[in-house]
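Trainee: Okay, handing you the structure first.
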Amino acid sequence: MMKVLVTVKEVAEVEEDFEIEGTGIADRYLEYDLNEWDDYAVEEAVQIAETGDDIEVVSVTIGPERCEETIRMALAKGVDRAIRVWDDALAETDLLDVAAKTRILRAVVEAEEPDLVFTGVQAGDDSFGATGVSLADAVGFEWAAVVNDLDVDAVLDESVARVHRELEGGVDEVTEVDLPAVLTIQTGINEPRYASLRGIRQAQRKEIAEKHLADLGLDAEAVETDVRLTEMYEPESESDATIFEGSAEETAAQLAQVLREKGVGAE
Amino acid sequence: MSSDVLAVTEHRRGGLRDVSYELVTAGRELADEAGGDLHLAVIGGDVEAFAEDVNRKGVDYVHTVDRGEEFNHDVYVRAVEALHAELDPAVVLMPNSVNGLDYAPAVANALDLPLVTDAVAFEWDGALAATREMYNSKVETTVEVDAEAVAVTIRGGEWPGAEGTGDAEIAPFDVEIDEDALGSRVIGFEEAGGGDVDISEADVLVSVGRGIEEEENIELVQELADALDATLSASRPIVDNGWLPKNRQVGQSGKVVTPKVYLAIGISGAVQHVAGMKGSETIVAINTDSNAPIFDIADYGIVGDLFEVVPALIDEFEG
């Protein structure tokens with residue numbers, strides 16, 4: 001028996017043109033989707049589950065009811081069941097505080113007792129990149145950040161996570177960590193599948209357990225935040241580029257001239 | 001609590017990484033605003049040589065922890081915890097690098113410090129206010145911390161590297177680490193990629209990004225590269241999708257390139273990509289989104305549909 005817990009987050013993507021209202025982007029310019037990194041984390045967990053009969057994959061998310069559609073997609077891809085944590089106390093925070101998220105997820109990990117926890121390296125919206133490693137320290141698990149390769153056989157046979165960590169400059173660090181462990185999963189580690197029609201049908205019958213803070217033994221104080229977003233603005237454009245104007249043919253002709261002057265394409 | 005700043009330097013495979021010198025600049029800035037000293041930690045590797053090297057203008061103390069050759073997050077967390085207990089600094093400053101993100105969140109959790117990652121600017125006025133980006137650099141935000149002490153990671157390349165020679169006091173710092181309690185072991189390193197081409201050697205790069213939409217469209221940019229006698233490279237999503245091999249990837253986790261001409265086609269210019277190509281002599285961007293950050297560093301640009309512009313450009317060179 002083995003259990004993999006995958007944290008997933010529904011993130012907002014911003015359209016090309018948008019407006020800021022207060023300290024956020026106006027909702028009409030946002031499209032919600034599963035965080036790109038989490039898609040790879042889900043796939044990695046499902047691939048492990050497919051190697052044996054006795055491996056359960058559970059997803060956890062912190063978010064309002066709107067997120068259920070996104071979680072269903074994870075269920076359709078092979079996650080067995082899901083937990084959605086939400087509370088009135090959370091609706092009032094912007095949840096930038098890693099410590100607050102850590103306290104919630106710690107309670108879930110302590111209740112579920114997984115062997116492995118996968119998180120995405122970061123969320124595409126706020127890009128904090130810290131929850132996984134913070135959680136690992138809080139629950140006393142080992143961890144590895146920015147994992148782009150995992151030896152599944154070693155997980156199953158030796159109870160060890162042998163991973164590649166993707167360092168800067170095209171170098172991987174090869175590291176071994178003991179289980180239980182938290183791995184933060186980098187894009188490119190696998191090829192996330194599309195949900196099949198059968199998977200989508202099955203997902204309708206899978207459980208999404210809604211938990212309030214009290215269900216996790218927490219109170220509103222646990223999610224009080226020391227880190228607050230106080231200002232949001234569009235950065236001043238630093239562009240001093242020469243922008244070519246006109247039709248595709250006209251702009252291509254102007255660019256071609258510049259390129260030729262720089263010796264590009266010369267025989 | 002003191003008003004000091006503790007900055008943790010970074011090294012890999014025998015050399016200090018550039019962000020170490022940038023941490024000195026950023027740390028000095030904060031220490032001046034808070035009215036304290038700047039302490040540096042050098043953990044692992046050739047600590048004496050590294051300590052001499054980072055002893056730049058503005059550094060007050062360098063603490064060396066002679067432990068292991070390479071980065072190990074368990075060692076880093078314990079060492080920073082022990083230094084924190086000794087110095088009680090207002091700010092622990094760490095790099096927002098791949099290794100920084102492998103220990104900074106654990107340090108913050110262990111020391112019960114609020115954490116702000118990926119700061120690109122900050123100021124100290126009794127507490128920290130940091131500037132950081134959100135939504136793929138589309139917006140900047142101010143993040144304020146309601147605490148007297150904080151942990152922060154800084155983005156590489158945002159502060160200039162410190163220069164000059166400092167007169168810091170350099171001293172070894174003893175940390176007790178139980179070898180048996182280390183749950184992680186670094187086995188070695190592997191060079192990713194390799195293969196047929198070295199894009200860092202090319203004079204002209206035609207680089208393709210997410211805007212290409214489908215794998216079969218890669219052919220179109222390959223055709224342009226051929227027409228320009230250039231080499232084809234790519235941004236991360238193209239390589240993640242398996243449309244081009246890893247050795248073609250430009251960016252923080254790929255290759256750093258400095259060609260004479262870099263054509264970014266359908267590349268928005270995420271910070272990780274820009275880190276790999278901003279040193280190019282001439283940068284040309286073709287993108288539908290006039291607000292894409294790639295235009296901030298481009299010398300020439302076309303705001304338009306690559307599926308119209310690229311064929312027209314091929315015609316210019318082959319017609």
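Here's how to read the names in the structure tokens: chain A, B, ... by the order shown, residue numbers from 1 in each chain, ligand numbers from 1 in the order shown.
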Specify as a PDB file with N, CA, C and O atoms, in the first residue's frame all residues of chain B found within 6 Å of chain A, counting only C-alpha atoms.
Mentor:
```pdb
ATOM      1  N   VAL B  98      17.631  27.785  -8.095  1.00  0.00           N
ATOM      2  CA  VAL B  98      17.080  26.437  -7.909  1.00  0.00           C
ATOM      3  C   VAL B  98      17.497  25.895  -6.535  1.00  0.00           C
ATOM      4  O   VAL B  98      16.689  25.316  -5.811  1.00  0.00           O
ATOM      5  N   ASP B 102      15.464  25.359  -2.712  1.00  0.00           N
ATOM      6  CA  ASP B 102      15.544  24.039  -2.091  1.00  0.00           C
ATOM      7  C   ASP B 102      15.835  24.143  -0.589  1.00  0.00           C
ATOM      8  O   ASP B 102      15.785  23.147   0.114  1.00  0.00           O
ATOM      9  N   PRO B 105      12.678  28.053   1.817  1.00  0.00           N
ATOM     10  CA  PRO B 105      11.367  27.863   2.459  1.00  0.00           C
ATOM     11  C   PRO B 105      11.464  27.028   3.735  1.00  0.00           C
ATOM     12  O   PRO B 105      10.695  27.240   4.682  1.00  0.00           O
ATOM     13  N   ALA B 106      12.410  26.094   3.783  1.00  0.00           N
ATOM     14  CA  ALA B 106      12.586  25.282   4.993  1.00  0.00           C
ATOM     15  C   ALA B 106      13.187  26.124   6.117  1.00  0.00           C
ATOM     16  O   ALA B 106      12.810  25.983   7.288  1.00  0.00           O
ATOM     17  N   ASN B 109      10.397  28.268   7.460  1.00  0.00           N
ATOM     18  CA  ASN B 109       9.478  27.486   8.291  1.00  0.00           C
ATOM     19  C   ASN B 109      10.121  27.135   9.637  1.00  0.00           C
ATOM     20  O   ASN B 109       9.489  27.274  10.688  1.00  0.00           O
ATOM     21  N   THR B 117       9.590  35.572  -1.674  1.00  0.00           N
ATOM     22  CA  THR B 117      10.526  35.044  -2.662  1.00  0.00           C
ATOM     23  C   THR B 117      10.570  35.930  -3.899  1.00  0.00           C
ATOM     24  O   THR B 117       9.667  36.706  -4.164  1.00  0.00           O
ATOM     25  N   MET B 134       4.089  39.393 -10.803  1.00  0.00           N
ATOM     26  CA  MET B 134       3.083  38.338 -10.812  1.00  0.00           C
ATOM     27  C   MET B 134       2.587  38.141 -12.239  1.00  0.00           C
ATOM     28  O   MET B 134       2.828  38.972 -13.109  1.00  0.00           O
ATOM     29  N   TYR B 135       1.852  37.064 -12.442  1.00  0.00           N
ATOM     30  CA  TYR B 135       1.261  36.761 -13.745  1.00  0.00           C
ATOM     31  C   TYR B 135       2.288  36.883 -14.869  1.00  0.00           C
ATOM     32  O   TYR B 135       2.105  37.625 -15.831  1.00  0.00           O
ATOM     33  N   VAL B 139       2.407  42.130 -14.329  1.00  0.00           N
ATOM     34  CA  VAL B 139       2.232  43.194 -13.341  1.00  0.00           C
ATOM     35  C   VAL B 139       3.350  43.128 -12.294  1.00  0.00           C
ATOM     36  O   VAL B 139       3.979  42.088 -12.103  1.00  0.00           O
ATOM     37  N   GLU B 140       3.567  44.283 -11.661  1.00  0.00           N
ATOM     38  CA  GLU B 140       4.442  44.322 -10.490  1.00  0.00           C
ATOM     39  C   GLU B 140       3.581  44.563  -9.263  1.00  0.00           C
ATOM     40  O   GLU B 140       2.531  45.200  -9.351  1.00  0.00           O
ATOM     41  N   THR B 141       4.050  44.050  -8.134  1.00  0.00           N
ATOM     42  CA  THR B 141       3.298  44.221  -6.896  1.00  0.00           C
ATOM     43  C   THR B 141       4.220  44.695  -5.786  1.00  0.00           C
ATOM     44  O   THR B 141       5.433  44.499  -5.839  1.00  0.00           O
ATOM     45  N   THR B 142       3.611  45.331  -4.788  1.00  0.00           N
ATOM     46  CA  THR B 142       4.324  45.604  -3.549  1.00  0.00           C
ATOM     47  C   THR B 142       3.781  44.650  -2.505  1.00  0.00           C
ATOM     48  O   THR B 142       2.565  44.500  -2.363  1.00  0.00           O
ATOM     49  N   VAL B 143       4.695  43.981  -1.820  1.00  0.00           N
ATOM     50  CA  VAL B 143       4.321  43.039  -0.776  1.00  0.00           C
ATOM     51  C   VAL B 143       4.895  43.554   0.535  1.00  0.00           C
ATOM     52  O   VAL B 143       6.094  43.813   0.625  1.00  0.00           O
ATOM     53  N   GLU B 144       4.013  43.766   1.518  1.00  0.00           N
ATOM     54  CA  GLU B 144       4.487  44.268   2.811  1.00  0.00           C
ATOM     55  C   GLU B 144       4.435  43.165   3.853  1.00  0.00           C
ATOM     56  O   GLU B 144       3.495  42.371   3.889  1.00  0.00           O
ATOM     57  N   VAL B 145       5.441  43.140   4.693  1.00  0.00           N
ATOM     58  CA  VAL B 145       5.545  42.101   5.714  1.00  0.00           C
ATOM     59  C   VAL B 145       5.296  42.719   7.090  1.00  0.00           C
ATOM     60  O   VAL B 145       5.930  43.699   7.456  1.00  0.00           O
ATOM     61  N   ASP B 146       4.316  42.140   7.810  1.00  0.00           N
ATOM     62  CA  ASP B 146       3.996  42.639   9.150  1.00  0.00           C
ATOM     63  C   ASP B 146       4.787  41.885  10.205  1.00  0.00           C
ATOM     64  O   ASP B 146       4.219  41.174  11.028  1.00  0.00           O
ATOM     65  N   GLY B 183      18.883  13.315   5.489  1.00  0.00           N
ATOM     66  CA  GLY B 183      18.013  12.444   4.695  1.00  0.00           C
ATOM     67  C   GLY B 183      18.194  12.618   3.205  1.00  0.00           C
ATOM     68  O   GLY B 183      17.504  11.980   2.420  1.00  0.00           O
ATOM     69  N   SER B 184      19.117  13.489   2.799  1.00  0.00           N
ATOM     70  CA  SER B 184      19.324  13.687   1.365  1.00  0.00           C
ATOM     71  C   SER B 184      20.798  13.563   1.032  1.00  0.00           C
ATOM     72  O   SER B 184      21.661  13.976   1.807  1.00  0.00           O
ATOM     73  N   ARG B 185      21.088  12.965  -0.125  1.00  0.00           N
ATOM     74  CA  ARG B 185      22.467  12.746  -0.545  1.00  0.00           C
ATOM     75  C   ARG B 185      22.629  13.170  -1.998  1.00  0.00           C
ATOM     76  O   ARG B 185      21.913  12.679  -2.873  1.00  0.00           O
ATOM     77  N   VAL B 186      23.550  14.097  -2.236  1.00  0.00           N
ATOM     78  CA  VAL B 186      23.835  14.491  -3.623  1.00  0.00           C
ATOM     79  C   VAL B 186      24.828  13.492  -4.192  1.00  0.00           C
ATOM     80  O   VAL B 186      25.915  13.296  -3.645  1.00  0.00           O
ATOM     81  N   ILE B 187      24.435  12.830  -5.295  1.00  0.00           N
ATOM     82  CA  ILE B 187      25.270  11.777  -5.862  1.00  0.00           C
ATOM     83  C   ILE B 187      26.202  12.331  -6.932  1.00  0.00           C
ATOM     84  O   ILE B 187      27.334  11.884  -7.064  1.00  0.00           O
ATOM     85  N   GLY B 188      25.743  13.313  -7.675  1.00  0.00           N
ATOM     86  CA  GLY B 188      26.603  13.866  -8.718  1.00  0.00           C
ATOM     87  C   GLY B 188      25.852  14.804  -9.636  1.00  0.00           C
ATOM     88  O   GLY B 188      24.751  15.246  -9.313  1.00  0.00           O
ATOM     89  N   PHE B 189      26.485  15.091 -10.767  1.00  0.00           N
ATOM     90  CA  PHE B 189      25.890  16.013 -11.731  1.00  0.00           C
ATOM     91  C   PHE B 189      25.856  15.364 -13.106  1.00  0.00           C
ATOM     92  O   PHE B 189      26.691  14.526 -13.425  1.00  0.00           O
ATOM     93  N   GLU B 190      24.884  15.789 -13.887  1.00  0.00           N
ATOM     94  CA  GLU B 190      24.818  15.338 -15.273  1.00  0.00           C
ATOM     95  C   GLU B 190      24.554  16.539 -16.156  1.00  0.00           C
ATOM     96  O   GLU B 190      23.712  17.367 -15.834  1.00  0.00           O
ATOM     97  N   GLU B 191      25.296  16.598 -17.278  1.00  0.00           N
ATOM     98  CA  GLU B 191      25.031  17.663 -18.237  1.00  0.00           C
ATOM     99  C   GLU B 191      23.804  17.256 -19.040  1.00  0.00           C
ATOM    100  O   GLU B 191      23.770  16.171 -19.614  1.00  0.00           O
ATOM    101  N   ALA B 192      22.810  18.133 -19.050  1.00  0.00           N
ATOM    102  CA  ALA B 192      21.631  17.833 -19.860  1.00  0.00           C
ATOM    103  C   ALA B 192      21.935  18.182 -21.310  1.00  0.00           C
ATOM    104  O   ALA B 192      22.841  18.957 -21.594  1.00  0.00           O
ATOM    105  N   LEU B 228      17.964  32.081 -43.573  1.00  0.00           N
ATOM    106  CA  LEU B 228      18.859  33.088 -42.988  1.00  0.00           C
ATOM    107  C   LEU B 228      20.241  32.511 -42.696  1.00  0.00           C
ATOM    108  O   LEU B 228      21.096  33.201 -42.150  1.00  0.00           O
ATOM    109  N   ASP B 229      20.433  31.240 -43.017  1.00  0.00           N
ATOM    110  CA  ASP B 229      21.664  30.551 -42.679  1.00  0.00           C
ATOM    111  C   ASP B 229      21.906  30.635 -41.155  1.00  0.00           C
ATOM    112  O   ASP B 229      23.017  30.911 -40.706  1.00  0.00           O
ATOM    113  N   ASP B 240       9.817  21.323 -23.463  1.00  0.00           N
ATOM    114  CA  ASP B 240       8.949  20.537 -22.569  1.00  0.00           C
ATOM    115  C   ASP B 240       7.977  19.668 -23.358  1.00  0.00           C
ATOM    116  O   ASP B 240       7.663  18.547 -22.964  1.00  0.00           O
ATOM    117  N   GLN B 252      17.462  30.152 -18.558  1.00  0.00           N
ATOM    118  CA  GLN B 252      18.109  29.864 -17.282  1.00  0.00           C
ATOM    119  C   GLN B 252      18.474  28.385 -17.131  1.00  0.00           C
ATOM    120  O   GLN B 252      19.549  28.053 -16.674  1.00  0.00           O
ATOM    121  N   SER B 253      17.544  27.509 -17.509  1.00  0.00           N
ATOM    122  CA  SER B 253      17.807  26.087 -17.333  1.00  0.00           C
ATOM    123  C   SER B 253      18.352  25.457 -18.609  1.00  0.00           C
ATOM    124  O   SER B 253      18.652  24.278 -18.644  1.00  0.00           O
ATOM    125  N   GLY B 254      18.480  26.257 -19.652  1.00  0.00           N
ATOM    126  CA  GLY B 254      19.070  25.765 -20.894  1.00  0.00           C
ATOM    127  C   GLY B 254      20.423  26.411 -21.107  1.00  0.00           C
ATOM    128  O   GLY B 254      21.236  26.499 -20.195  1.00  0.00           O
ATOM    129  N   LYS B 255      20.662  26.873 -22.326  1.00  0.00           N
ATOM    130  CA  LYS B 255      21.938  27.508 -22.655  1.00  0.00           C
ATOM    131  C   LYS B 255      21.834  29.029 -22.555  1.00  0.00           C
ATOM    132  O   LYS B 255      20.790  29.610 -22.835  1.00  0.00           O
ATOM    133  N   PHE B 295       9.606  42.683 -25.841  1.00  0.00           N
ATOM    134  CA  PHE B 295       9.826  43.981 -26.500  1.00  0.00           C
ATOM    135  C   PHE B 295      10.633  44.942 -25.626  1.00  0.00           C
ATOM    136  O   PHE B 295      11.204  45.900 -26.121  1.00  0.00           O
ATOM    137  N   ASP B 296      10.646  44.687 -24.312  1.00  0.00           N
ATOM    138  CA  ASP B 296      11.442  45.537 -23.414  1.00  0.00           C
ATOM    139  C   ASP B 296      12.938  45.433 -23.695  1.00  0.00           C
ATOM    140  O   ASP B 296      13.697  46.360 -23.422  1.00  0.00           O
ATOM    141  N   ALA B 298      14.062  44.110 -26.776  1.00  0.00           N
ATOM    142  CA  ALA B 298      14.296  43.989 -28.216  1.00  0.00           C
ATOM    143  C   ALA B 298      14.848  45.294 -28.783  1.00  0.00           C
ATOM    144  O   ALA B 298      14.581  46.375 -28.274  1.00  0.00           O
ATOM    145  N   ASP B 299      15.658  45.175 -29.851  1.00  0.00           N
ATOM    146  CA  ASP B 299      16.126  46.353 -30.584  1.00  0.00           C
ATOM    147  C   ASP B 299      15.174  46.653 -31.738  1.00  0.00           C
ATOM    148  O   ASP B 299      14.970  47.799 -32.101  1.00  0.00           O
ATOM    149  N   TYR B 300      14.625  45.593 -32.334  1.00  0.00           N
ATOM    150  CA  TYR B 300      13.665  45.734 -33.423  1.00  0.00           C
ATOM    151  C   TYR B 300      12.483  44.823 -33.143  1.00  0.00           C
ATOM    152  O   TYR B 300      12.662  43.741 -32.581  1.00  0.00           O
ATOM    153  N   GLY B 301      11.284  45.255 -33.546  1.00  0.00           N
ATOM    154  CA  GLY B 301      10.117  44.420 -33.299  1.00  0.00           C
ATOM    155  C   GLY B 301       9.073  44.524 -34.379  1.00  0.00           C
ATOM    156  O   GLY B 301       8.975  45.533 -35.079  1.00  0.00           O
ATOM    157  N   ILE B 302       8.323  43.433 -34.520  1.00  0.00           N
ATOM    158  CA  ILE B 302       7.121  43.451 -35.343  1.00  0.00           C
ATOM    159  C   ILE B 302       5.993  42.931 -34.467  1.00  0.00           C
ATOM    160  O   ILE B 302       6.086  41.824 -33.920  1.00  0.00           O
ATOM    161  N   GLU B 308       1.952  35.063 -40.615  1.00  0.00           N
ATOM    162  CA  GLU B 308       1.977  35.919 -41.805  1.00  0.00           C
ATOM    163  C   GLU B 308       3.369  36.506 -42.018  1.00  0.00           C
ATOM    164  O   GLU B 308       3.858  36.588 -43.139  1.00  0.00           O
ATOM    165  N   VAL B 309       4.000  36.917 -40.908  1.00  0.00           N
ATOM    166  CA  VAL B 309       5.285  37.621 -41.016  1.00  0.00           C
ATOM    167  C   VAL B 309       6.417  36.671 -41.423  1.00  0.00           C
ATOM    168  O   VAL B 309       7.240  37.007 -42.273  1.00  0.00           O
ATOM    169  N   ALA B 312       6.503  35.794 -45.101  1.00  0.00           N
ATOM    170  CA  ALA B 312       6.918  36.975 -45.866  1.00  0.00           C
ATOM    171  C   ALA B 312       8.423  37.188 -45.746  1.00  0.00           C
ATOM    172  O   ALA B 312       9.094  37.569 -46.710  1.00  0.00           O
ATOM    173  N   LEU B 313       8.952  36.904 -44.555  1.00  0.00           N
ATOM    174  CA  LEU B 313      10.389  37.075 -44.318  1.00  0.00           C
ATOM    175  C   LEU B 313      11.190  36.019 -45.090  1.00  0.00           C
ATOM    176  O   LEU B 313      12.256  36.313 -45.649  1.00  0.00           O
TER     177      LEU B 313
END
```
Trainee: Which residues come within 12 Å of Glu69 in chain A, counting only C-alpha atoms, excluding same-chain residues fewer than 4 positions away, as a PDB file with N, CA, C and O atoms, in the first residue's frame?
Mentor:
```
ATOM      1  N   LYS A   9      -3.460  23.570  -7.718  1.00  0.00           N
ATOM      2  CA  LYS A   9      -3.992  24.918  -7.543  1.00  0.00           C
ATOM      3  C   LYS A   9      -4.620  25.377  -8.847  1.00  0.00           C
ATOM      4  O   LYS A   9      -4.051  25.163  -9.915  1.00  0.00           O
ATOM      5  N   GLU A  10      -5.782  25.968  -8.725  1.00  0.00           N
ATOM      6  CA  GLU A  10      -6.373  26.602  -9.893  1.00  0.00           C
ATOM      7  C   GLU A  10      -5.783  27.998  -9.980  1.00  0.00           C
ATOM      8  O   GLU A  10      -5.827  28.751  -9.008  1.00  0.00           O
ATOM      9  N   TYR A  32      -9.472  30.842 -15.663  1.00  0.00           N
ATOM     10  CA  TYR A  32      -8.954  29.929 -14.651  1.00  0.00           C
ATOM     11  C   TYR A  32      -8.630  28.571 -15.247  1.00  0.00           C
ATOM     12  O   TYR A  32      -9.345  28.053 -16.086  1.00  0.00           O
ATOM     13  N   ASP A  33      -7.522  28.028 -14.793  1.00  0.00           N
ATOM     14  CA  ASP A  33      -7.106  26.715 -15.289  1.00  0.00           C
ATOM     15  C   ASP A  33      -6.233  26.044 -14.234  1.00  0.00           C
ATOM     16  O   ASP A  33      -5.754  26.692 -13.302  1.00  0.00           O
ATOM     17  N   LEU A  34      -6.019  24.729 -14.412  1.00  0.00           N
ATOM     18  CA  LEU A  34      -5.088  24.012 -13.538  1.00  0.00           C
ATOM     19  C   LEU A  34      -3.692  24.580 -13.750  1.00  0.00           C
ATOM     20  O   LEU A  34      -3.243  24.764 -14.886  1.00  0.00           O
ATOM     21  N   THR A  61      -6.551  20.628  -2.808  1.00  0.00           N
ATOM     22  CA  THR A  61      -6.468  22.008  -3.268  1.00  0.00           C
ATOM     23  C   THR A  61      -7.047  22.917  -2.205  1.00  0.00           C
ATOM     24  O   THR A  61      -7.864  22.486  -1.384  1.00  0.00           O
ATOM     25  N   GLY A  63      -9.209  26.222  -2.212  1.00  0.00           N
ATOM     26  CA  GLY A  63      -9.878  27.125  -3.136  1.00  0.00           C
ATOM     27  C   GLY A  63     -11.388  27.031  -3.045  1.00  0.00           C
ATOM     28  O   GLY A  63     -11.931  26.055  -2.516  1.00  0.00           O
ATOM     29  N   PRO A  64     -12.069  28.040  -3.589  1.00  0.00           N
ATOM     30  CA  PRO A  64     -13.527  28.097  -3.525  1.00  0.00           C
ATOM     31  C   PRO A  64     -14.177  27.068  -4.439  1.00  0.00           C
ATOM     32  O   PRO A  64     -13.491  26.378  -5.198  1.00  0.00           O
ATOM     33  N   GLU A  65     -15.497  27.010  -4.401  1.00  0.00           N
ATOM     34  CA  GLU A  65     -16.250  25.993  -5.134  1.00  0.00           C
ATOM     35  C   GLU A  65     -15.940  26.004  -6.628  1.00  0.00           C
ATOM     36  O   GLU A  65     -15.929  24.971  -7.281  1.00  0.00           O
ATOM     37  N   MET A  73     -10.809  17.697 -13.523  1.00  0.00           N
ATOM     38  CA  MET A  73      -9.895  17.343 -14.608  1.00  0.00           C
ATOM     39  C   MET A  73      -8.779  16.436 -14.089  1.00  0.00           C
ATOM     40  O   MET A  73      -8.379  15.487 -14.758  1.00  0.00           O
ATOM     41  N   ALA A  74      -8.288  16.728 -12.881  1.00  0.00           N
ATOM     42  CA  ALA A  74      -7.253  15.865 -12.288  1.00  0.00           C
ATOM     43  C   ALA A  74      -7.831  14.477 -12.024  1.00  0.00           C
ATOM     44  O   ALA A  74      -7.176  13.460 -12.263  1.00  0.00           O
ATOM     45  N   LEU A  75      -9.066  14.434 -11.544  1.00  0.00           N
ATOM     46  CA  LEU A  75      -9.721  13.141 -11.291  1.00  0.00           C
ATOM     47  C   LEU A  75      -9.901  12.377 -12.607  1.00  0.00           C
ATOM     48  O   LEU A  75      -9.735  11.163 -12.666  1.00  0.00           O
ATOM     49  N   ALA A  76     -10.227  13.118 -13.676  1.00  0.00           N
ATOM     50  CA  ALA A  76     -10.437  12.479 -14.982  1.00  0.00           C
ATOM     51  C   ALA A  76      -9.141  11.900 -15.535  1.00  0.00           C
ATOM     52  O   ALA A  76      -9.145  10.976 -16.333  1.00  0.00           O
ATOM     53  N   ALA A  82     -10.305  13.478  -4.206  1.00  0.00           N
ATOM     54  CA  ALA A  82      -9.768  14.822  -3.988  1.00  0.00           C
ATOM     55  C   ALA A  82     -10.299  15.429  -2.693  1.00  0.00           C
ATOM     56  O   ALA A  82     -11.349  15.023  -2.187  1.00  0.00           O
ATOM     57  N   ARG A  84     -10.943  19.331  -1.073  1.00  0.00           N
ATOM     58  CA  ARG A  84     -10.927  20.776  -1.323  1.00  0.00           C
ATOM     59  C   ARG A  84     -11.113  21.495   0.002  1.00  0.00           C
ATOM     60  O   ARG A  84     -12.120  21.312   0.684  1.00  0.00           O
ATOM     61  N   ILE A 200     -13.337  11.137 -17.947  1.00  0.00           N
ATOM     62  CA  ILE A 200     -14.212  12.251 -17.577  1.00  0.00           C
ATOM     63  C   ILE A 200     -15.511  11.719 -16.974  1.00  0.00           C
ATOM     64  O   ILE A 200     -16.007  12.244 -15.974  1.00  0.00           O
ATOM     65  N   ALA A 203     -14.779  10.410 -13.521  1.00  0.00           N
ATOM     66  CA  ALA A 203     -14.484  11.484 -12.567  1.00  0.00           C
ATOM     67  C   ALA A 203     -15.748  12.015 -11.904  1.00  0.00           C
ATOM     68  O   ALA A 203     -15.714  12.494 -10.771  1.00  0.00           O
ATOM     69  N   GLN A 204     -16.875  11.929 -12.628  1.00  0.00           N
ATOM     70  CA  GLN A 204     -18.131  12.432 -12.057  1.00  0.00           C
ATOM     71  C   GLN A 204     -18.518  11.672 -10.791  1.00  0.00           C
ATOM     72  O   GLN A 204     -19.207  12.202  -9.934  1.00  0.00           O
ATOM     73  N   ILE A 208     -15.018  14.391  -4.073  1.00  0.00           N
ATOM     74  CA  ILE A 208     -14.284  15.611  -3.716  1.00  0.00           C
ATOM     75  C   ILE A 208     -14.766  15.997  -2.320  1.00  0.00           C
ATOM     76  O   ILE A 208     -15.877  16.499  -2.158  1.00  0.00           O
TER      77      ILE A 208
END
```
Trainee: Quick one: pull the distance between CA of Leu216 in chain A and CA of Gln202 in chain A, Å, one decimal.
Mentor: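 Calculated distance between CA of Leu216 in chain A and CA of Gln202 in chain A is 27.7 Å.
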Trainee: Which residues are near range 46-62 of chain B? Cut-off 8 Å, only C-alpha atoms, ignore same chain within fewer than 3 positions. Put them as a list of chain:residue names.
Mentor: B:Gly14, B:Gly15, B:Leu16, B:Ser20, B:Tyr21, B:Val24, B:Thr25, B:Arg28, B:Asp37, B:Leu38, B:His39, B:Leu40, B:Ala41, B:Val42, B:Ile43, B:Val65, B:Asp66, B:Glu69, B:Ala162, B:Glu163, B:Gly164, B:Thr165, B:Gly166, B:Asp167, B:Ala168, B:Glu169, B:Ile170, B:Ala171
Trainee: If you count only C-alpha atoms, which residues fall within 9 Å of Ala107 in chain A, apart from same-chain ones fewer than 6 positions away, as a count of residues only?
Mentor: 4
Trainee: Where in range 96-231 of chain A does DSSP assign helix (DSSP H, G or I), given as a ChimeraX atom specification?
Mentor: /A:98-112,131-139,152-158,197-203,213-216,220-223
Trainee: Leaving out Leu115 in chain B and any residue of its chain fewer than 4 positions from it, which residues lie within 7 Å of it when counting only C-alpha atoms, given as a count of residues only?
Mentor: 5
Trainee: Have a look at B:Ala227, B:Val239, B:Ala292, B:Val92 and name the one nearest to Ser2 in chain B; count only C-alpha atoms.
Mentor: B:Val92
